[in-house]
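Shown next: my_file.txt, given as compact mmCIF, C-alpha atoms and all ligand atoms.
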```txt
# COMPACT_ATOMS: atom_id res chain seq x y z
CA MET K 21 87.61 -79.66 79.02
CA SER K 22 88.02 -83.28 78.05
CA ALA K 23 87.00 -85.98 80.45
CA PRO K 24 89.75 -87.96 82.10
CA GLU K 25 89.65 -91.55 81.04
CA PHE K 26 88.41 -94.02 83.57
CA SER K 27 87.46 -97.60 83.31
CA PRO K 28 84.04 -98.96 84.16
CA PRO K 29 83.62 -99.98 87.76
CA SER K 30 84.91 -103.44 88.36
CA SER K 31 83.50 -105.82 90.89
CA THR K 32 87.09 -106.66 91.77
CA LEU K 33 87.66 -103.17 93.12
CA PRO K 34 87.30 -102.92 96.88
CA ALA K 35 83.88 -101.73 97.94
CA ALA K 36 83.49 -99.03 100.52
CA THR K 37 80.85 -97.25 102.43
CA ALA K 38 81.05 -93.58 101.67
CA HIS K 39 79.91 -92.64 105.14
CA ALA K 40 81.31 -92.49 108.56
CA GLY K 41 78.97 -93.68 111.24
CA ALA K 42 77.17 -96.24 109.09
CA ARG K 43 75.25 -98.80 111.13
CA VAL K 44 76.16 -101.84 109.11
CA PRO K 45 76.29 -105.33 110.59
CA ALA K 46 79.98 -106.12 111.08
CA ALA K 47 79.82 -109.11 108.75
CA GLU K 48 78.55 -106.91 105.93
CA VAL K 49 81.22 -104.27 106.09
CA ARG K 50 83.71 -104.59 103.27
CA THR K 51 86.88 -102.70 104.06
CA PRO K 52 88.23 -100.37 101.40
CA GLY K 53 91.94 -100.19 100.76
CA ALA K 54 93.84 -97.32 102.31
CA GLY K 55 94.17 -95.45 99.01
CA LEU K 56 90.47 -95.67 98.28
CA ARG K 57 89.57 -94.68 101.82
CA GLN K 58 91.68 -91.59 101.38
CA ILE K 59 89.85 -90.64 98.17
CA LEU K 60 86.43 -91.25 99.63
CA ARG K 61 87.32 -89.41 102.77
CA GLY K 62 88.57 -86.49 100.72
CA PRO K 63 90.61 -83.70 102.25
CA SER K 64 91.11 -84.09 105.97
CA GLY K 65 93.46 -81.26 106.90
CA LEU K 66 92.84 -78.24 109.06
CA GLY K 67 89.73 -76.33 108.02
CA THR K 68 88.25 -79.01 105.75
CA ALA K 69 85.44 -80.09 108.07
CA GLY K 70 83.02 -77.71 106.40
CA LEU K 71 83.20 -79.83 103.24
CA TYR K 72 81.23 -82.55 105.03
CA PRO K 73 78.32 -80.87 106.67
CA ALA K 74 76.40 -84.14 107.04
CA ARG K 75 79.22 -86.32 108.25
CA HIS K 76 79.21 -87.53 111.78
CA ASP K 77 80.83 -90.41 113.54
CA LYS K 78 77.97 -91.48 115.75
CA PRO K 79 74.29 -91.93 114.97
CA PRO K 80 72.44 -88.84 116.15
CA THR K 81 70.53 -89.02 119.40
CA PRO K 82 67.03 -87.71 118.84
CA PRO K 83 66.49 -84.44 120.69
CA LYS K 84 64.35 -84.84 123.81
CA ALA K 85 62.45 -81.61 123.41
CA PRO K 86 62.12 -79.01 120.73
CA THR K 87 65.21 -76.85 120.77
CA PRO K 88 65.24 -73.19 119.86
CA PRO K 89 66.96 -72.51 116.55
CA THR K 90 70.66 -71.85 116.87
CA PRO K 91 72.41 -69.71 114.29
CA SER K 92 74.82 -72.52 113.37
CA MET K 93 74.96 -71.50 109.72
CA ALA K 94 74.28 -68.11 108.30
CA PRO K 95 71.75 -68.61 105.51
CA THR K 96 71.25 -65.86 102.99
CA PRO K 97 68.18 -63.91 104.07
CA LEU K 98 65.19 -64.87 102.02
CA THR K 99 63.86 -62.33 99.61
CA HIS K 100 60.41 -63.90 99.79
CA PRO K 101 57.74 -62.34 101.92
CA THR K 102 56.98 -64.12 105.16
CA SER K 103 54.01 -66.40 104.81
CA PRO K 104 50.87 -65.19 106.52
CA THR K 105 50.04 -68.75 107.48
CA ARG K 106 51.80 -71.24 109.71
CA PRO K 107 54.68 -72.96 107.97
CA GLU K 108 55.61 -76.56 108.73
CA PRO K 109 57.00 -77.02 112.25
CA SER K 110 60.77 -76.91 111.98
CA SER K 111 62.25 -77.77 115.33
CA ALA K 112 60.08 -80.68 116.40
CA PRO K 113 62.10 -83.72 117.44
CA ALA K 114 62.54 -86.36 114.77
CA GLU K 115 60.07 -89.20 115.13
CA GLY K 116 59.71 -92.58 113.54
CA ASN K 117 61.74 -95.74 113.54
CA PRO K 118 63.82 -97.13 110.73
CA ILE K 119 62.52 -100.31 109.14
CA PRO K 120 64.22 -103.15 111.00
CA GLY K 121 67.13 -104.44 108.91
CA ILE K 122 67.12 -101.61 106.39
CA TYR K 123 70.63 -100.60 105.35
CA HIS K 124 70.87 -96.87 105.82
CA HIS K 125 72.98 -94.10 107.28
CA PRO K 126 71.53 -91.80 109.92
CA VAL K 127 71.98 -88.08 109.30
CA PRO K 128 72.24 -85.23 111.76
CA GLU K 129 69.03 -83.33 112.44
CA PRO K 130 68.67 -80.75 109.67
CA ASP K 131 69.63 -77.22 110.67
CA PRO K 132 66.45 -75.76 112.23
CA VAL K 133 67.31 -72.23 111.12
CA ARG K 134 67.42 -73.33 107.52
CA VAL K 135 64.35 -75.52 107.88
CA ASP K 136 62.45 -72.55 109.21
CA ALA K 137 63.61 -70.25 106.40
CA VAL K 138 62.82 -72.76 103.63
CA SER K 139 59.52 -73.58 105.25
CA ARG K 140 58.43 -69.94 105.17
CA GLY K 141 59.80 -69.42 101.68
CA ILE K 142 58.11 -72.45 100.19
CA LYS K 143 54.77 -71.64 101.74
CA ALA K 144 54.91 -68.09 100.42
CA TRP K 145 55.82 -69.39 96.97
CA ALA K 146 53.04 -71.99 97.00
CA LEU K 147 50.35 -69.56 98.13
CA GLU K 148 51.37 -66.26 96.65
CA GLU K 149 53.31 -67.11 93.50
CA VAL K 150 51.71 -70.24 92.08
CA ASP K 151 48.39 -70.58 93.91
CA LEU K 152 49.24 -74.23 94.45
CA TYR K 153 46.46 -75.60 96.59
CA PRO K 154 43.07 -74.83 98.10
CA GLU K 155 42.89 -74.09 101.83
CA ASP K 156 41.82 -77.57 102.84
CA TRP K 157 45.06 -79.10 101.51
CA GLU K 158 47.14 -76.97 103.84
CA GLU K 159 47.57 -79.60 106.54
CA GLU K 160 48.79 -82.10 103.98
CA PHE K 161 51.18 -79.55 102.51
CA ASP K 162 52.62 -78.85 105.95
CA GLY K 163 52.70 -82.58 106.79
CA PHE K 164 54.82 -83.23 103.73
CA SER K 165 57.63 -81.28 105.48
CA VAL K 166 59.45 -80.37 102.31
CA ALA K 167 61.78 -77.95 104.10
CA ARG K 168 63.06 -80.60 106.51
CA TYR K 169 63.40 -82.96 103.54
CA MET K 170 65.46 -80.60 101.41
CA VAL K 171 67.65 -79.29 104.23
CA ALA K 172 68.47 -82.89 105.18
CA CYS K 173 69.26 -83.80 101.57
CA HIS K 174 71.37 -80.75 100.68
CA PRO K 175 73.54 -79.89 103.69
CA ASP K 176 76.17 -78.35 101.39
CA ALA K 177 73.82 -75.78 99.81
CA PRO K 178 75.58 -72.44 100.16
CA THR K 179 72.41 -70.42 100.82
CA VAL K 180 68.73 -70.76 101.55
CA ASP K 181 68.02 -69.54 98.03
CA HIS K 182 69.87 -72.60 96.71
CA LEU K 183 67.74 -74.83 98.96
CA MET K 184 64.64 -73.12 97.64
CA LEU K 185 65.50 -74.32 94.12
CA ALA K 186 65.27 -77.91 95.30
CA ALA K 187 62.20 -77.29 97.47
CA ARG K 188 60.18 -75.66 94.65
CA LEU K 189 60.97 -78.47 92.24
CA MET K 190 60.13 -81.11 94.85
CA VAL K 191 56.77 -79.47 95.55
CA ALA K 192 56.03 -79.07 91.83
CA GLU K 193 56.92 -82.70 91.11
CA ASN K 194 54.61 -83.85 93.86
CA ALA K 195 51.83 -81.56 92.63
CA VAL K 196 52.01 -83.22 89.21
CA ASP K 197 52.03 -86.69 90.77
CA ASP K 198 49.10 -85.87 93.09
CA CYS K 199 46.92 -83.88 90.70
CA TYR K 200 47.60 -85.73 87.45
CA CYS K 201 48.41 -89.28 88.55
CA GLU K 202 47.21 -90.01 92.07
CA ASP K 203 45.58 -88.71 95.26
CA HIS K 204 44.15 -85.34 94.26
CA GLY K 205 42.03 -86.01 91.21
CA GLY K 206 44.69 -87.88 89.26
CA SER K 207 43.84 -90.72 86.92
CA PRO K 208 45.59 -92.89 84.34
CA VAL K 209 42.97 -91.79 81.81
CA GLY K 210 44.34 -89.03 79.62
CA LEU K 211 47.54 -88.84 81.63
CA GLY K 212 49.82 -88.80 78.58
CA GLY K 213 48.32 -85.61 77.23
CA ARG K 214 48.41 -83.87 80.61
CA LEU K 215 52.00 -84.86 81.27
CA LEU K 216 53.19 -83.82 77.84
CA LEU K 217 51.64 -80.37 78.13
CA ALA K 218 53.07 -79.95 81.64
CA HIS K 219 56.45 -81.05 80.36
CA THR K 220 56.47 -78.00 78.09
CA ALA K 221 56.74 -75.89 81.25
CA LEU K 222 60.21 -77.44 81.61
CA ASP K 223 61.10 -77.89 77.96
CA PRO K 224 59.38 -75.03 76.15
CA LEU K 225 57.41 -75.14 72.96
CA HIS K 226 59.07 -73.41 70.03
CA THR K 227 56.39 -72.65 67.53
CA THR K 228 54.94 -69.94 65.33
CA ARG K 229 53.85 -66.51 66.52
CA GLU K 230 50.25 -67.49 66.08
CA TYR K 231 50.35 -70.40 68.51
CA GLN K 232 53.03 -69.33 70.98
CA PRO K 233 50.73 -67.12 73.14
CA ARG K 234 48.14 -69.90 73.59
CA TRP K 235 50.87 -72.19 74.82
CA ALA K 236 52.32 -69.55 77.17
CA GLU K 237 48.86 -68.98 78.63
CA SER K 238 48.37 -72.71 79.16
CA LEU K 239 51.26 -72.76 81.63
CA HIS K 240 49.04 -70.86 84.07
CA ALA K 241 46.02 -73.09 83.57
CA ASP K 242 46.42 -75.41 86.55
CA ALA K 243 48.49 -75.79 89.70
CA PRO K 244 50.92 -78.45 88.38
CA ARG K 245 51.80 -76.33 85.36
CA ARG K 246 52.08 -73.13 87.36
CA ALA K 247 54.37 -74.91 89.79
CA TYR K 248 56.55 -76.51 87.10
CA ARG K 249 56.83 -73.24 85.18
CA SER K 250 57.79 -71.14 88.15
CA ALA K 251 60.13 -73.70 89.77
CA MET K 252 61.92 -74.12 86.44
CA GLU K 253 62.22 -70.38 85.97
CA TYR K 254 64.03 -70.10 89.31
CA PHE K 255 66.13 -73.18 88.56
CA LEU K 256 67.29 -71.69 85.24
CA GLN K 257 68.63 -68.64 87.06
CA GLN K 258 71.17 -70.86 88.81
CA ALA K 259 71.68 -73.88 86.54
CA SER K 260 74.03 -73.93 83.55
CA PRO K 261 72.49 -74.93 80.20
CA SER K 262 73.78 -78.48 80.56
CA GLN K 263 72.51 -78.79 84.14
CA ALA K 264 69.11 -77.62 82.91
CA ASP K 265 69.17 -80.14 80.10
CA ARG K 266 70.18 -82.91 82.50
CA PHE K 267 67.16 -82.02 84.61
CA ARG K 268 64.84 -82.02 81.59
CA HIS K 269 66.09 -85.45 80.59
CA ASP K 270 65.50 -86.79 84.08
CA MET K 271 62.00 -85.33 84.09
CA SER K 272 61.27 -87.03 80.74
CA ARG K 273 62.35 -90.29 82.34
CA LEU K 274 60.03 -89.61 85.28
CA HIS K 275 57.07 -88.87 83.03
CA MET K 276 57.69 -92.05 81.03
CA GLY K 277 57.65 -93.98 84.31
CA TYR K 278 54.33 -92.39 85.31
CA LEU K 279 52.89 -93.48 81.97
CA ALA K 280 53.95 -97.11 82.34
CA GLU K 281 52.50 -97.22 85.87
CA ALA K 282 49.26 -95.71 84.56
CA ALA K 283 49.05 -98.12 81.63
CA TRP K 284 49.37 -101.08 83.99
CA ALA K 285 46.78 -99.61 86.33
CA GLN K 286 44.32 -99.19 83.47
CA THR K 287 44.48 -102.89 82.61
CA ASP K 288 44.98 -104.04 86.22
CA HIS K 289 48.23 -105.65 85.11
CA VAL K 290 50.75 -106.79 87.70
CA PRO K 291 54.18 -106.81 86.05
CA GLU K 292 56.91 -109.29 86.84
CA VAL K 293 59.25 -108.12 89.57
CA TRP K 294 62.00 -107.10 87.16
CA GLU K 295 59.45 -105.27 85.00
CA TYR K 296 58.20 -103.41 88.05
CA LEU K 297 61.78 -102.48 88.95
CA ALA K 298 62.27 -101.19 85.40
CA MET K 299 59.16 -99.00 85.69
CA ARG K 300 60.28 -97.77 89.11
CA GLN K 301 63.70 -96.85 87.71
CA PHE K 302 61.85 -94.21 85.71
CA ASN K 303 59.03 -93.35 88.13
CA ASN K 304 61.84 -92.44 90.50
CA PHE K 305 63.38 -89.77 92.68
CA ARG K 306 66.29 -89.44 90.24
CA PRO K 307 65.57 -85.78 89.26
CA CYS K 308 66.17 -84.81 92.91
CA PRO K 309 69.69 -86.12 93.67
CA THR K 310 70.92 -85.17 90.20
CA ILE K 311 70.47 -81.46 90.93
CA THR K 312 72.80 -81.75 93.92
CA ASP K 313 75.52 -79.77 92.13
CA THR K 314 73.22 -76.92 91.11
CA VAL K 315 71.88 -76.74 94.66
CA GLY K 316 75.46 -76.94 95.92
CA GLY K 317 76.50 -74.03 93.69
CA TYR K 318 78.97 -75.95 91.49
CA GLU K 319 78.78 -78.05 88.33
CA LEU K 320 79.58 -81.62 87.47
CA PRO K 321 80.60 -81.19 83.82
CA ALA K 322 78.24 -82.77 81.30
CA ASP K 323 80.83 -85.15 79.89
CA LEU K 324 81.58 -86.54 83.34
CA HIS K 325 77.89 -86.80 84.18
CA ALA K 326 77.33 -88.74 80.94
CA GLN K 327 79.99 -91.39 81.65
CA PRO K 328 78.42 -94.85 81.89
CA ALA K 329 79.95 -95.43 85.32
CA MET K 330 78.38 -92.19 86.63
CA GLN K 331 75.07 -93.09 85.01
CA ARG K 332 75.13 -96.44 86.79
CA VAL K 333 75.86 -94.83 90.15
CA ILE K 334 73.03 -92.34 89.67
CA ALA K 335 70.58 -95.05 88.61
CA LEU K 336 71.45 -97.27 91.58
CA ALA K 337 71.11 -94.34 93.99
CA GLY K 338 67.76 -93.33 92.45
CA ASN K 339 66.52 -96.91 92.65
CA ALA K 340 67.54 -97.33 96.29
CA THR K 341 65.83 -94.05 97.26
CA THR K 342 62.68 -95.05 95.42
CA ILE K 343 62.44 -98.52 96.94
CA VAL K 344 62.78 -96.75 100.30
CA ASN K 345 59.54 -95.02 99.36
CA ASP K 346 57.90 -98.34 98.46
CA LEU K 347 58.82 -99.70 101.89
CA TYR K 348 57.83 -96.71 104.02
CA SER K 349 54.64 -95.96 102.03
CA TYR K 350 53.55 -99.62 102.01
CA THR K 351 50.76 -99.29 104.61
CA LYS K 352 49.54 -95.97 103.15
CA GLU K 353 49.27 -97.56 99.72
CA LEU K 354 47.57 -100.71 101.03
CA ALA K 355 44.95 -98.50 102.68
CA ALA K 356 44.27 -96.54 99.48
CA PRO K 357 41.41 -97.60 97.22
CA GLY K 358 42.30 -100.05 94.45
CA ARG K 359 45.57 -101.89 94.04
CA HIS K 360 48.66 -99.68 94.30
CA LEU K 361 51.79 -101.32 92.97
CA ASN K 362 54.91 -101.22 95.11
CA LEU K 363 57.77 -103.70 95.40
CA PRO K 364 56.37 -105.81 98.29
CA VAL K 365 52.97 -106.04 96.56
CA VAL K 366 54.54 -107.14 93.27
CA ILE K 367 56.83 -109.69 94.95
CA ALA K 368 53.87 -111.14 96.87
CA GLU K 369 51.78 -111.38 93.73
CA ARG K 370 54.38 -112.64 91.26
CA GLU K 371 56.48 -114.83 93.55
CA GLY K 372 53.67 -116.26 95.65
CA ALA K 373 55.12 -114.96 98.92
CA ASP K 374 53.00 -113.96 101.91
CA GLU K 375 52.86 -110.25 102.73
CA ARG K 376 55.55 -110.39 105.37
CA ALA K 377 58.00 -112.51 103.38
CA ALA K 378 57.45 -110.29 100.36
CA TYR K 379 58.09 -107.16 102.40
CA LEU K 380 61.27 -108.60 103.92
CA LYS K 381 62.48 -109.61 100.47
CA ALA K 382 61.84 -106.06 99.26
CA VAL K 383 64.01 -104.80 102.13
CA GLU K 384 66.79 -107.10 100.89
CA VAL K 385 66.39 -105.79 97.33
CA HIS K 386 66.76 -102.28 98.72
CA ASN K 387 69.83 -103.25 100.73
CA ASP K 388 71.47 -104.85 97.69
CA LEU K 389 70.81 -101.69 95.66
CA MET K 390 72.36 -99.58 98.41
CA ARG K 391 75.47 -101.75 98.62
CA ASP K 392 75.86 -101.77 94.85
CA PHE K 393 75.44 -97.99 94.79
CA GLU K 394 78.14 -97.56 97.39
CA ALA K 395 80.52 -100.03 95.77
CA GLU K 396 80.13 -98.43 92.33
CA ALA K 397 80.45 -94.92 93.76
CA ALA K 398 83.64 -95.94 95.54
CA ALA K 399 85.05 -97.48 92.38
CA LEU K 400 84.20 -94.39 90.36
CA ALA K 401 85.72 -92.10 92.97
CA ALA K 402 88.91 -94.14 92.81
CA ALA K 403 88.99 -94.19 89.01
CA CYS K 404 88.15 -90.53 88.54
CA PRO K 405 89.20 -88.48 91.58
CA VAL K 406 88.24 -85.15 90.00
CA PRO K 407 86.98 -82.72 92.70
CA SER K 408 83.59 -82.14 91.04
CA VAL K 409 83.09 -85.91 90.67
CA LEU K 410 83.95 -86.55 94.31
CA ARG K 411 81.70 -83.77 95.52
CA PHE K 412 78.85 -84.89 93.28
CA LEU K 413 79.17 -88.49 94.49
CA ARG K 414 79.10 -87.27 98.09
CA GLY K 415 76.12 -85.08 97.26
CA VAL K 416 74.20 -88.03 95.84
CA ALA K 417 75.12 -90.20 98.84
CA VAL K 418 73.96 -87.50 101.25
CA TRP K 419 70.72 -87.15 99.29
CA VAL K 420 70.17 -90.90 99.63
CA ASP K 421 70.66 -90.60 103.40
CA GLY K 422 68.47 -87.50 103.72
CA ASN K 423 65.74 -89.22 101.75
CA HIS K 424 65.79 -92.18 104.12
CA TYR K 425 65.73 -89.80 107.10
CA TRP K 426 62.69 -87.99 105.73
CA HIS K 427 60.76 -91.19 105.05
CA GLN K 428 61.62 -92.59 108.48
CA THR K 429 60.65 -89.45 110.33
CA ASN K 430 57.58 -88.45 108.32
CA THR K 431 55.08 -90.10 110.63
CA TYR K 432 52.36 -87.76 109.36
CA ARG K 433 52.56 -89.54 106.02
CA TYR K 434 53.95 -93.01 106.66
CA SER K 435 53.74 -95.80 109.22
CA LEU K 436 55.43 -99.19 109.33
CA PRO K 437 53.61 -102.49 108.91
CA ASP K 438 53.38 -104.79 111.91
CA PHE K 439 55.79 -107.46 110.69
CA TRP K 440 58.32 -107.66 113.51
C1 LIG X 501 59.88 -85.89 93.80
C2 LIG X 501 59.80 -86.80 92.66
C3 LIG X 501 60.70 -86.61 91.52
C4 LIG X 501 58.94 -87.76 92.72
C5 LIG X 501 58.72 -88.67 91.60
C6 LIG X 501 58.24 -90.00 91.87
C7 LIG X 501 57.51 -90.18 93.14
C8 LIG X 501 56.23 -89.44 93.32
C9 LIG X 501 58.02 -91.01 94.08
C10 LIG X 501 59.29 -91.75 93.86
C11 LIG X 501 57.27 -91.26 95.30
O1 LIG X 501 56.51 -92.38 95.11
P1 LIG X 501 54.98 -92.45 95.47
O2 LIG X 501 54.17 -91.83 94.38
O3 LIG X 501 54.69 -93.85 95.79
O4 LIG X 501 54.88 -91.50 96.74
P2 LIG X 501 54.13 -91.75 98.15
O5 LIG X 501 54.36 -93.15 98.51
O6 LIG X 501 52.70 -91.45 97.92
O7 LIG X 501 54.75 -90.81 99.13
MG MG X 502 54.89 -94.91 97.55
```
Would you give me this structure, written as structure tokens?
Amino acid sequence: MSAPEFSPPSSTLPAATAHAGARVPAAEVRTPGAGLRQILRGPSGLGTAGLYPARHDKPPTPPKAPTPPTPSMAPTPLTHPTSPTRPEPSSAPAEGNPIPGIYHHPVPEPDPVRVDAVSRGIKAWALEEVDLYPEDWEEEFDGFSVARYMVACHPDAPTVDHLMLAARLMVAENAVDDCYCEDHGGSPVGLGGRLLLAHTALDPLHTTREYQPRWAESLHADAPRRAYRSAMEYFLQQASPSQADRFRHDMSRLHMGYLAEAAWAQTDHVPEVWEYLAMRQFNNFRPCPTITDTVGGYELPADLHAQPAMQRVIALAGNATTIVNDLYSYTKELAAPGRHLNLPVVIAEREGADERAAYLKAVEVHNDLMRDFEAEAAALAAACPVPSVLRFLRGVAVWVDGNHYWHQTNTYRYSLPDFW
């Protein structure tokens, strides 16, 4: 199939929010033209509501008390054994406040039935299939709430098994970050070698008969490699070859970002703000939203994914989601030993701003990235209204929203600074 021609997004095209129910200050709302609204809205006839599982017209009201799971969707029964230990709580009410002034879109509470199923499945995988963590990390594993995260980010996944693809990769990616780079024994020293060898769990070594078995054995040598290897094996059962290659490319980007962060940490270098943003474009959530089509059970063709306009949309979305992390994890990172770079810290250091002013400027940077993402996504949707493109753009937008939801509500992990 050849890609339809479309021009690069133009700033003269009307911008649009891709979401109903966005809480945007009235002055900031730019109104899309009727034609563009129609494209962004997609089909609206009888029976099309199921295409927009995350769409809602009003911000959700937080539940007052835990509600029993309702069978609102019928997930495919999990084939995994039920975990012997307690999975993350699934039906607790959402907690946490959004950062004042942050531009975001609230999402409905993730389906508790699915959260429960993914929670059990991921715990069983972590404990029984990849021996991911020692017992005393269990609370932290549960507190991460990966099931709630993934169910919020992928409301269009056709089955729980599809959600499990995203959940395993998310856990594996965090295991590499924790064990190789950060909290759990990570260090910048020797990181390049560790990351490269772990990367071969995603992008296999092709070598001679003599050396192949030693490599294959190495993939079981530590938790990050076991997790990468297994999560990728599952992913390959569902992904097409080009979806798998897209994922490998995004993971190479991620690993390059980890290396730049580590190099700066080793020399205690604080980059300029734009340099930090460049590093964070690579040390980034990008590999997560870009699997939205695999998790959704369809494919954005490789030639459409590779279009510069699509690449720009993906990069802006990844950058917005990652600066969300910098903002919500700010106090956690300040409390950690040593200096941990994040956008407010770098702005304070390089632009001579006090902590509060730097933080508020970082919120504005995030908001600008979000608006640019939405404007470029709207322009691309208008220029290339191919169904897989429209669904992929919606999938990325929903991932952005689910990611904000998870950061806001993960009060086990994050808390806001006292700036307001
Ligand atoms: C899931 C995934 C691809 C993560 C890659 C990069 C990453 C770990 C983040 C974007 C999160 O940033 P950070 O390391 O600062 O995480 P915490 O603030 O510790 O939650
Ligand atoms: Mg962080």
Handout entry: Spatial neighbours of Gly338 in chain K, 10 Å, all atoms listed in the file, chain gap at least 5 places, as a ChimeraX atom specification
Key = /K:300-310,332-333,343-344,389-390,393,416,419-420
Work out where the centre of an axis-aligned box around every listed atom of ligand LIG 501 (chain X) lies and how long its edges are once 4 Å is added on each side; give both in Å to one decimal as JSON.
```
{"center_x": 56.7, "center_y": -89.9, "center_z": 95.3, "size_x": 16.0, "size_y": 16.0, "size_z": 15.6}
```
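Distances here use only C-alpha atoms and all ligand atoms; by that measure, the residue among K:Leu279, K:Val290, K:Ala144, K:Ala401 closest to ligand LIG 501 (chain X) is K:Leu279.
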Report as a PDB file with C-alpha atoms, in the coordinates of the input which protein, DNA and RNA residues come within 9 Å of ligand LIG 501 (chain X), using all atoms listed in the file.
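Resulting contents of part_25.pdb:
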```pdb
ATOM      1  CA  PHE K 164      54.820 -83.230 103.730  1.00  0.00           C
ATOM      2  CA  LEU K 189      60.970 -78.470  92.240  1.00  0.00           C
ATOM      3  CA  MET K 190      60.130 -81.110  94.850  1.00  0.00           C
ATOM      4  CA  VAL K 191      56.770 -79.470  95.550  1.00  0.00           C
ATOM      5  CA  ALA K 192      56.030 -79.070  91.830  1.00  0.00           C
ATOM      6  CA  GLU K 193      56.920 -82.700  91.110  1.00  0.00           C
ATOM      7  CA  ASN K 194      54.610 -83.850  93.860  1.00  0.00           C
ATOM      8  CA  VAL K 196      52.010 -83.220  89.210  1.00  0.00           C
ATOM      9  CA  ASP K 197      52.030 -86.690  90.770  1.00  0.00           C
ATOM     10  CA  ASP K 198      49.100 -85.870  93.090  1.00  0.00           C
ATOM     11  CA  CYS K 201      48.410 -89.280  88.550  1.00  0.00           C
ATOM     12  CA  GLU K 202      47.210 -90.010  92.070  1.00  0.00           C
ATOM     13  CA  ASP K 203      45.580 -88.710  95.260  1.00  0.00           C
ATOM     14  CA  ASP K 270      65.500 -86.790  84.080  1.00  0.00           C
ATOM     15  CA  MET K 271      62.000 -85.330  84.090  1.00  0.00           C
ATOM     16  CA  LEU K 274      60.030 -89.610  85.280  1.00  0.00           C
ATOM     17  CA  HIS K 275      57.070 -88.870  83.030  1.00  0.00           C
ATOM     18  CA  GLY K 277      57.650 -93.980  84.310  1.00  0.00           C
ATOM     19  CA  TYR K 278      54.330 -92.390  85.310  1.00  0.00           C
ATOM     20  CA  ARG K 300      60.280 -97.770  89.110  1.00  0.00           C
ATOM     21  CA  PHE K 302      61.850 -94.210  85.710  1.00  0.00           C
ATOM     22  CA  ASN K 303      59.030 -93.350  88.130  1.00  0.00           C
ATOM     23  CA  ASN K 304      61.840 -92.440  90.500  1.00  0.00           C
ATOM     24  CA  PHE K 305      63.380 -89.770  92.680  1.00  0.00           C
ATOM     25  CA  ARG K 306      66.290 -89.440  90.240  1.00  0.00           C
ATOM     26  CA  PRO K 307      65.570 -85.780  89.260  1.00  0.00           C
ATOM     27  CA  CYS K 308      66.170 -84.810  92.910  1.00  0.00           C
ATOM     28  CA  GLY K 338      67.760 -93.330  92.450  1.00  0.00           C
ATOM     29  CA  ASN K 339      66.520 -96.910  92.650  1.00  0.00           C
ATOM     30  CA  THR K 341      65.830 -94.050  97.260  1.00  0.00           C
ATOM     31  CA  THR K 342      62.680 -95.050  95.420  1.00  0.00           C
ATOM     32  CA  ILE K 343      62.440 -98.520  96.940  1.00  0.00           C
ATOM     33  CA  VAL K 344      62.780 -96.750 100.300  1.00  0.00           C
ATOM     34  CA  ASN K 345      59.540 -95.020  99.360  1.00  0.00           C
ATOM     35  CA  ASP K 346      57.900 -98.340  98.460  1.00  0.00           C
ATOM     36  CA  LEU K 347      58.820 -99.700 101.890  1.00  0.00           C
ATOM     37  CA  TYR K 348      57.830 -96.710 104.020  1.00  0.00           C
ATOM     38  CA  SER K 349      54.640 -95.960 102.030  1.00  0.00           C
ATOM     39  CA  TYR K 350      53.550 -99.620 102.010  1.00  0.00           C
ATOM     40  CA  LYS K 352      49.540 -95.970 103.150  1.00  0.00           C
ATOM     41  CA  GLU K 353      49.270 -97.560  99.720  1.00  0.00           C
ATOM     42  CA  HIS K 360      48.660 -99.680  94.300  1.00  0.00           C
ATOM     43  CA  LEU K 361      51.790-101.320  92.970  1.00  0.00           C
ATOM     44  CA  ASN K 362      54.910-101.220  95.110  1.00  0.00           C
ATOM     45  CA  HIS K 427      60.760 -91.190 105.050  1.00  0.00           C
ATOM     46  CA  ARG K 433      52.560 -89.540 106.020  1.00  0.00           C
ATOM     47  CA  TYR K 434      53.950 -93.010 106.660  1.00  0.00           C
TER      48      TYR K 434
END
```
Could you name the residues that touch Gly317 in chain K at 7 Å or less, counting all atoms listed in the file, but leaving out those on the same chain fewer than 4 positions away, as a tab-separated table (two decimals) with C-alpha atoms, in the coordinates of the input?
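File selection.tsv, as written:
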```tsv
chain	number	residue	atom	x	y	z
K	177	ALA	CA	73.82	-75.78	99.81
K	178	PRO	CA	75.58	-72.44	100.16
K	313	ASP	CA	75.52	-79.77	92.13
```
Handout entry: Atom-to-atom span, CA of Gly358 in chain K and CA of Glu295 in chain K, Å
Key =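 Answer for the CA of Gly358 in chain K to CA of Glu295 in chain K separation: 20.3 Å.
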Handout entry: Which residue of K:Pro364, K:Asp151, K:Gly116, K:Ala172 approaches ligand MG 502 (chain X) most closely, using only C-alpha atoms and all ligand atoms
Key =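 With only C-alpha atoms and all ligand atoms as the atom set, the closest residue is K:Pro364.
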Problem - Interatomic distance (Å, one decimal) between CA of Asp392 in chain K and CA of Tyr123 in chain K - result: 11.8 Å
Handout entry: Residue nearest Tyr318 in chain K - candidates K:Gln331, K:Ser260, K:Ser435, K:Ser272, atoms counted: all atoms listed in the file
Key =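 For Tyr318 in chain K, the nearest of the given residues is K:Ser260.
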Practice task
Identify which of the residues K:Leu217, K:Thr287, K:Tyr296, K:Val315 lies closest to Leu256 in chain K, counting all atoms listed in the file when measuring atom-to-atom distances.
Solution key: K:Val315
Exercise for the section: Could you please give me, as a PyMOL selection string, the residues of protein, DNA or RNA lying at most 12 Å from (52.1, -70.0, 76.4) in the coordinate frame of the file, considering all atoms listed in the file? Expected result: chain K and resi 217-218+220-221+224-241+245-246+249
Handout entry: Counting only C-alpha atoms and all ligand atoms, the residue of K:Ser207, K:Thr351, K:Gln327, K:Gln428 that sits nearest ligand MG 502 (chain X)
Key =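 Using only C-alpha atoms and all ligand atoms, ligand MG 502 (chain X) sits closest to K:Thr351.
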